[in-house]
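This is protein_25.tsv (TSV, C-alpha atoms).
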```
chain	number	residue	atom	x	y	z
A	6	MET	CA	147.13	133.80	124.64
A	7	ALA	CA	148.48	130.50	123.41
A	8	LEU	CA	147.27	130.87	119.84
A	9	SER	CA	145.07	133.75	118.80
A	10	LEU	CA	142.44	132.90	116.22
A	11	ALA	CA	143.29	136.19	114.57
A	12	ALA	CA	146.92	135.14	114.19
A	13	CYS	CA	146.14	133.18	111.04
A	14	ALA	CA	145.20	135.27	108.04
A	15	PRO	CA	142.11	134.10	106.19
A	16	ALA	CA	142.71	131.33	103.69
A	17	ASP	CA	141.98	131.74	100.01
A	18	GLY	CA	138.58	130.25	100.69
A	19	ASP	CA	136.86	127.54	102.68
A	20	ASP	CA	134.65	126.30	99.85
A	21	PHE	CA	135.81	123.19	98.03
A	22	PRO	CA	133.81	122.23	94.93
A	23	ALA	CA	132.77	118.61	95.15
A	24	GLY	CA	133.77	118.13	91.52
A	25	ASP	CA	137.40	118.91	92.37
A	26	ALA	CA	137.69	116.19	95.02
A	27	ARG	CA	139.68	113.10	94.13
A	28	PRO	CA	141.38	110.10	95.78
A	29	LEU	CA	144.87	110.58	97.19
A	30	THR	CA	148.08	110.08	95.27
A	31	THR	CA	150.72	107.87	96.86
A	32	GLU	CA	152.73	110.92	97.98
A	33	GLU	CA	149.66	112.63	99.47
A	34	ALA	CA	148.67	109.48	101.32
A	35	GLN	CA	152.16	109.19	102.81
A	36	THR	CA	152.11	112.82	103.93
A	37	LEU	CA	148.68	112.57	105.54
A	38	ALA	CA	149.62	109.24	107.14
A	39	ALA	CA	152.48	110.97	108.98
A	40	MET	CA	150.34	113.76	110.45
A	41	ARG	CA	149.61	112.13	113.82
A	42	LEU	CA	153.23	111.08	114.24
A	43	ARG	CA	154.32	114.65	113.53
A	44	ASN	CA	152.06	115.88	116.33
A	45	LEU	CA	153.64	113.40	118.73
A	46	ASP	CA	157.13	114.40	117.62
A	47	ALA	CA	156.24	118.07	118.18
A	48	GLY	CA	155.18	117.28	121.75
A	49	THR	CA	152.90	120.19	122.61
A	50	ARG	CA	150.85	122.12	120.03
A	51	ALA	CA	149.06	125.40	120.63
A	52	VAL	CA	145.33	125.01	120.04
A	53	ALA	CA	142.53	127.56	119.54
A	54	PHE	CA	138.90	127.33	118.48
A	55	GLU	CA	135.52	129.02	118.67
A	56	LEU	CA	132.57	126.73	119.27
A	57	ALA	CA	129.02	127.89	118.60
A	58	GLN	CA	126.41	126.07	120.65
A	59	PRO	CA	122.61	126.43	120.65
A	60	ASP	CA	122.57	128.88	123.57
A	61	SER	CA	126.16	130.10	123.88
A	62	GLU	CA	129.56	130.44	122.27
A	63	THR	CA	132.84	129.19	123.71
A	64	THR	CA	136.30	130.43	122.76
A	65	PHE	CA	139.28	128.30	123.73
A	66	ASP	CA	142.99	129.11	123.77
A	67	GLY	CA	145.44	126.59	125.11
A	68	TRP	CA	147.57	123.59	124.29
A	69	PHE	CA	147.56	119.85	123.76
A	70	ASP	CA	150.59	117.82	124.83
A	71	TYR	CA	150.69	114.79	122.53
A	72	GLU	CA	153.47	113.18	124.54
A	73	SER	CA	151.36	112.97	127.68
A	74	GLY	CA	147.93	112.99	126.00
A	75	VAL	CA	146.77	116.00	128.05
A	76	GLY	CA	145.08	119.22	126.95
A	77	TYR	CA	144.72	122.45	128.92
A	78	GLY	CA	143.67	126.04	128.37
A	79	LEU	CA	141.22	128.85	128.99
A	80	ALA	CA	137.61	128.62	127.80
A	81	THR	CA	135.65	131.88	127.72
A	82	GLY	CA	131.91	132.18	127.27
A	83	GLU	CA	129.10	132.58	129.78
A	84	ALA	CA	131.78	131.96	132.40
A	85	ASN	CA	135.55	131.88	132.15
A	86	GLU	CA	137.08	128.60	133.24
A	87	LEU	CA	140.17	126.51	132.79
A	88	LEU	CA	139.80	123.18	131.01
A	89	LEU	CA	142.02	120.16	131.62
A	90	TRP	CA	141.39	116.90	129.80
A	91	ASN	CA	142.69	113.62	128.44
A	92	THR	CA	141.00	110.84	126.48
A	93	ARG	CA	138.96	109.75	129.51
A	94	ALA	CA	138.14	112.79	131.64
A	95	VAL	CA	137.69	116.55	131.56
A	96	GLY	CA	137.99	118.94	134.48
A	97	THR	CA	137.09	122.60	134.97
A	98	HIS	CA	138.57	125.18	137.32
A	99	THR	CA	137.56	128.78	137.96
A	100	ALA	CA	139.72	131.16	135.91
A	101	THR	CA	141.09	134.23	137.63
A	102	THR	CA	143.23	135.55	134.75
A	103	ASP	CA	142.59	136.37	131.08
A	104	ALA	CA	144.98	133.64	129.90
A	105	ALA	CA	145.60	130.08	131.03
A	106	PRO	CA	148.42	130.21	133.60
A	107	LEU	CA	151.40	127.88	133.52
A	108	PRO	CA	152.19	125.72	135.31
A	109	ILE	CA	148.68	124.30	135.57
A	110	PRO	CA	147.23	125.35	138.94
A	111	ASP	CA	146.16	123.00	141.70
A	112	THR	CA	147.25	119.78	140.01
A	113	ASP	CA	147.88	118.38	143.47
A	114	GLN	CA	144.18	118.91	144.23
A	115	LEU	CA	142.47	117.50	141.14
A	116	ALA	CA	139.77	115.83	143.22
A	117	THR	CA	138.87	118.99	145.14
A	118	ALA	CA	139.98	122.14	143.28
A	119	TRP	CA	138.80	120.84	139.90
A	120	GLN	CA	135.28	119.77	138.91
A	121	GLY	CA	135.61	116.62	136.84
A	122	SER	CA	133.52	114.31	134.69
A	123	ALA	CA	133.99	111.66	132.04
A	124	LEU	CA	134.87	112.97	128.59
A	125	ASP	CA	131.82	112.00	126.55
A	126	PRO	CA	131.73	113.06	122.87
A	127	GLN	CA	128.12	111.88	122.70
A	128	ALA	CA	127.09	114.27	125.45
A	129	SER	CA	128.29	117.65	124.16
A	130	ARG	CA	129.84	119.40	121.20
A	131	LEU	CA	132.65	120.68	123.38
A	132	ASP	CA	133.57	117.14	124.43
A	133	THR	CA	133.50	116.11	120.77
A	134	VAL	CA	136.01	118.81	119.85
A	135	LEU	CA	138.24	118.03	122.84
A	136	ALA	CA	138.20	114.30	122.07
A	137	THR	CA	138.97	114.94	118.41
A	138	ILE	CA	141.96	117.13	119.29
A	139	GLY	CA	143.23	114.40	121.60
A	140	SER	CA	142.94	111.74	118.90
A	141	LEU	CA	145.41	113.44	116.57
A	142	GLY	CA	148.62	111.93	117.94
A	143	ALA	CA	150.14	108.50	117.35
A	144	ASP	CA	153.51	106.79	117.77
A	145	ARG	CA	153.55	105.50	114.19
A	146	PRO	CA	152.23	106.60	110.81
A	147	GLU	CA	148.87	105.46	109.58
A	148	ASN	CA	148.62	102.99	106.72
A	149	PRO	CA	148.91	105.17	103.58
A	150	LEU	CA	147.47	102.44	101.38
A	151	LEU	CA	144.32	102.32	103.49
A	152	LEU	CA	143.99	106.10	103.22
A	153	GLN	CA	143.90	105.64	99.45
A	154	GLN	CA	141.23	102.96	99.76
A	155	ASN	CA	138.88	104.14	102.51
A	156	GLY	CA	137.48	107.28	100.90
A	157	THR	CA	139.91	109.92	102.16
A	158	LEU	CA	139.89	112.69	99.57
A	159	TRP	CA	142.07	115.53	98.32
A	160	LEU	CA	139.94	118.68	98.31
A	161	GLY	CA	142.33	121.41	97.21
A	162	GLN	CA	145.18	123.69	98.23
A	163	ARG	CA	145.03	126.96	100.11
A	164	THR	CA	147.65	129.47	101.24
A	165	VAL	CA	147.51	130.63	104.88
A	166	ASP	CA	150.06	133.16	106.18
A	167	GLY	CA	152.30	132.40	103.22
A	168	THR	CA	152.26	128.63	103.81
A	169	GLU	CA	150.73	126.36	101.20
A	170	LEU	CA	148.43	123.82	102.78
A	171	THR	CA	146.75	120.79	101.26
A	172	VAL	CA	143.22	120.14	102.47
A	173	TYR	CA	141.94	116.58	102.88
A	174	ALA	CA	138.48	115.25	103.71
A	175	GLY	CA	138.44	112.46	106.26
A	176	PRO	CA	137.02	109.09	105.22
A	177	PRO	CA	133.47	107.89	105.93
A	178	SER	CA	134.92	104.95	107.93
A	179	ASP	CA	138.18	103.18	108.69
A	180	GLU	CA	137.27	100.37	106.31
A	181	ALA	CA	138.19	100.21	102.62
A	182	LEU	CA	135.41	101.15	100.22
A	183	GLN	CA	133.70	98.41	98.30
A	184	ALA	CA	134.58	97.96	94.65
A	185	GLY	CA	132.91	100.73	92.63
A	186	GLU	CA	132.01	102.71	95.76
A	187	THR	CA	133.04	106.37	95.97
A	188	ALA	CA	133.18	108.79	98.90
A	189	ASP	CA	130.99	111.90	98.94
A	190	PRO	CA	133.09	114.97	99.84
A	191	ASP	CA	129.97	116.81	100.99
A	192	ALA	CA	129.35	114.08	103.58
A	193	ALA	CA	132.75	114.47	105.22
A	194	THR	CA	132.72	115.46	108.91
A	195	VAL	CA	136.41	116.39	109.22
A	196	ARG	CA	138.95	118.26	107.10
A	197	TYR	CA	142.71	118.39	107.67
A	198	TRP	CA	144.83	121.35	106.52
A	199	ILE	CA	148.42	120.08	106.29
A	200	ASP	CA	151.71	121.42	104.97
A	201	GLU	CA	154.26	119.50	102.92
A	202	ARG	CA	156.04	118.31	106.10
A	203	ALA	CA	152.82	116.69	107.37
A	204	THR	CA	152.32	119.37	110.03
A	205	LEU	CA	148.66	120.01	110.85
A	206	HIS	CA	147.81	123.73	110.80
A	207	ARG	CA	144.03	123.55	110.94
A	208	LEU	CA	141.26	121.06	111.57
A	209	ASP	CA	137.62	121.56	110.54
A	210	VAL	CA	134.99	119.49	112.36
A	211	ARG	CA	131.30	119.29	111.47
A	212	LEU	CA	129.21	118.71	114.59
A	213	GLY	CA	125.72	117.40	115.12
A	214	GLY	CA	124.92	116.91	111.46
A	215	GLU	CA	125.03	120.67	110.80
A	216	LYS	CA	126.47	122.14	107.61
A	217	ALA	CA	128.65	124.66	109.45
A	218	TRP	CA	132.22	123.78	110.36
A	219	THR	CA	134.01	124.38	113.65
A	220	THR	CA	137.63	125.35	112.99
A	221	VAL	CA	140.50	124.36	115.29
A	222	ARG	CA	143.82	126.09	114.65
A	223	PHE	CA	147.17	124.59	115.60
A	224	GLY	CA	150.52	126.27	116.14
A	225	ALA	CA	153.95	125.75	117.63
A	226	ALA	CA	154.44	125.58	121.41
A	227	ASP	CA	158.03	124.47	121.69
A	228	ASP	CA	158.53	125.82	125.21
A	229	VAL	CA	155.38	124.26	126.75
A	230	SER	CA	155.16	120.85	128.41
A	231	LEU	CA	151.98	120.03	130.29
A	232	GLY	CA	153.05	116.73	131.81
A	233	ASP	CA	150.34	114.36	133.02
A	234	PRO	CA	148.52	115.64	136.13
A	235	PHE	CA	146.02	112.76	135.84
A	236	ALA	CA	148.73	110.10	136.11
A	237	GLU	CA	150.44	112.01	138.93
A	238	ALA	CA	147.16	112.15	140.86
A	239	GLU	CA	146.58	108.42	140.36
A	240	GLY	CA	150.11	107.73	141.51
A	241	ALA	CA	149.64	109.85	144.62
A	242	ASP	CA	146.37	108.07	145.43
A	243	GLY	CA	148.05	104.71	145.05
A	244	ALA	CA	150.92	105.73	147.27
A	245	ALA	CA	148.49	107.03	149.88
A	246	GLY	CA	146.56	103.78	149.76
```

Show me the file's structure as structure tokens.
Amino acid sequence: MALSLAACAPADGDDFPAGDARPLTTEEAQTLAAMRLRNLDAGTRAVAFELAQPDSETTFDGWFDYESGVGYGLATGEANELLLWNTRAVGTHTATTDAAPLPIPDTDQLATAWQGSALDPQASRLDTVLATIGSLGADRPENPLLLQQNGTLWLGQRTVDGTELTVYAGPPSDEALQAGETADPDAATVRYWIDERATLHRLDVRLGGEKAWTTVRFGAADDVSLGDPFAEAEGADGAAG
């Protein structure tokens, strides 16, 4: 599998006392600001998560190619299926193996071999997680000063598989806080686990207002390139037209 959830040893703990949270230092803000650029520079990252839903549980192992903006992998649950998505659409394909095959099958038949729909984070928890994964790449760093002003918080440090990670709580909005306003760490809906080189190792997402977190683990995938089957299909349709 691309990235086994069991591959990462448990962290020192997932509880972060609210009283320990604080605004970012200049150095921390600069490191966090580079995280999305680091994903783009890495190209493809291995991605794995388990998603609990009201009537089922989905386990995903695959990749996201931040150069092309395309994700792909195997989702197992009530039925095993391949997932292929970008920021606009998600497609499913019957899985016939116990791991996502490469190259991606039937990319020349996206309209027929794959069942597609718009990617809608408002419609399902799975789409929310997929969209969030896809949003974590950028061709330039974020504004570190804004990260210090908008309520992004340092939560603590944890060691995972011998690597020291700093954990940050995402801000309540992209706007700077008003004078005297403080962010509530318990209200955060996303947490980033990042090493000193600004590499993202883990993402925690809180879905649907629930207290429980969904954890997405990231790893290296230096030998994987997914390309952009969506763009290739659009190009083929244009040429045919």

So the first atom is atom CA of A:Arg207 and the second is atom CA of A:Phe65; what is the distance between them in Å, to one decimal place? 14.4 Å

Contacts between stretch 85-109 of chain A and stretch 125-215 of chain A, please, where a residue of stretch 125-215 of chain A counts if it comes within 10 Å (with all atoms listed in the file); show its shortest atom pair and distance in Å to one decimal, rows by chain and ascending number, as CSV.
```
residue,atom,partner,partner_atom,distance
A:Asp125,CA,A:Arg93,CA,8.1
A:Asp132,CA,A:Val95,CA,8.3
A:Leu135,CA,A:Trp90,CA,7.7
A:Ala136,CA,A:Thr92,CA,6.3
A:Thr137,CA,A:Thr92,CA,9.3
A:Ile138,CA,A:Thr92,CA,9.6
A:Gly139,CA,A:Thr92,CA,6.4
A:Ser140,CA,A:Thr92,CA,7.9
```

Kindly extract all protein, DNA and RNA residues lying within 8 Å of the coordinates (141.1, 125.6, 116.9) given in the file, considering all atoms listed in the file, and supply them as a PyMOL selection string. chain A and resi 10+52-55+65-66+207-208+219-223

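Considering only C-alpha atoms, the residue among A:Val75, A:Ala226, A:Leu212, A:Ala181 positioned nearest to A:Pro126 is A:Leu212.
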
If you count all atoms listed in the file, the residue of A:Ser129, A:Thr117, A:Thr157, A:Thr204 closest to A:Pro59 turns out to be A:Ser129

Write out as a PyMOL selection string which residues come within 9 Å of A:Ser178 when counting only C-alpha atoms, dropping same-chain ones fewer than 3 positions away. chain A and resi 155-156+175+181-182

Resulting file, chosen residues, C-alpha atoms, as a compact mmCIF listing (two decimals), keeping the file's coordinate frame:
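Written output follows (again_29.txt):
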```
# COMPACT_ATOMS: atom_id res chain seq x y z
CA ASN A 155 138.88 104.14 102.51
CA GLY A 156 137.48 107.28 100.90
CA GLY A 175 138.44 112.46 106.26
CA ALA A 181 138.19 100.21 102.62
CA LEU A 182 135.41 101.15 100.22
```

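The closest residue to A:Asp46, picked from A:Asp111, A:Asp144, A:Glu32, A:Asp19 and counting all atoms listed in the file, is A:Asp144.
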
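You will find atom CA of A:Pro190 at 14.5 Å from atom CA of A:Gln154.
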
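The two atoms in question, atom CA of A:Gly74 and atom CA of A:Leu45, are spaced 9.3 Å apart.
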
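Closest approach to A:Val165 among A:Asp191, A:Tyr77, A:Ala238, A:Ile199: A:Ile199, based on only C-alpha atoms.
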
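Here the question is which of A:Asp60, A:Pro177, A:Phe21, A:Asp228 gets nearest to A:Arg163 using all atoms listed in the file, and that residue is A:Phe21.
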
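In terms of minimum interatomic distance to A:Gly78, A:Val229 ranks closest within A:Ala128, A:Ala143, A:Leu115, A:Val229, counting all atoms listed in the file.
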
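Excluding A:Pro22 and any residue on its chain fewer than 5 positions from it, the residues at most 12 Å away by all atoms listed in the file are Arg27, Trp159, Leu160, Gly161, Gln162, Asp189, Pro190 and Asp191 of chain A.
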
Can you pull out the residues contacting A:Leu42? Cut-off 10 Å, using only C-alpha atoms, and skip same-chain residues under 3 positions away; I want them as a compact mmCIF listing (two decimals) with C-alpha atoms, keeping the file's coordinate frame.
```txt
# COMPACT_ATOMS: atom_id res chain seq x y z
CA LEU A 37 148.68 112.57 105.54
CA ALA A 38 149.62 109.24 107.14
CA ALA A 39 152.48 110.97 108.98
CA LEU A 45 153.64 113.40 118.73
CA ASP A 46 157.13 114.40 117.62
CA ALA A 47 156.24 118.07 118.18
CA GLY A 48 155.18 117.28 121.75
CA TYR A 71 150.69 114.79 122.53
CA LEU A 141 145.41 113.44 116.57
CA GLY A 142 148.62 111.93 117.94
CA ALA A 143 150.14 108.50 117.35
CA ASP A 144 153.51 106.79 117.77
CA ARG A 145 153.55 105.50 114.19
CA PRO A 146 152.23 106.60 110.81
CA GLU A 147 148.87 105.46 109.58
CA ALA A 203 152.82 116.69 107.37
CA THR A 204 152.32 119.37 110.03
```

List every protein, DNA or RNA residue with an atom no more than 8 Å from (149.7, 124.3, 122.9) in the file's coordinates, counting all atoms listed in the file, and format the result as a PyMOL selection string. chain A and resi 7-8+49-52+67-70+76+223-226+229
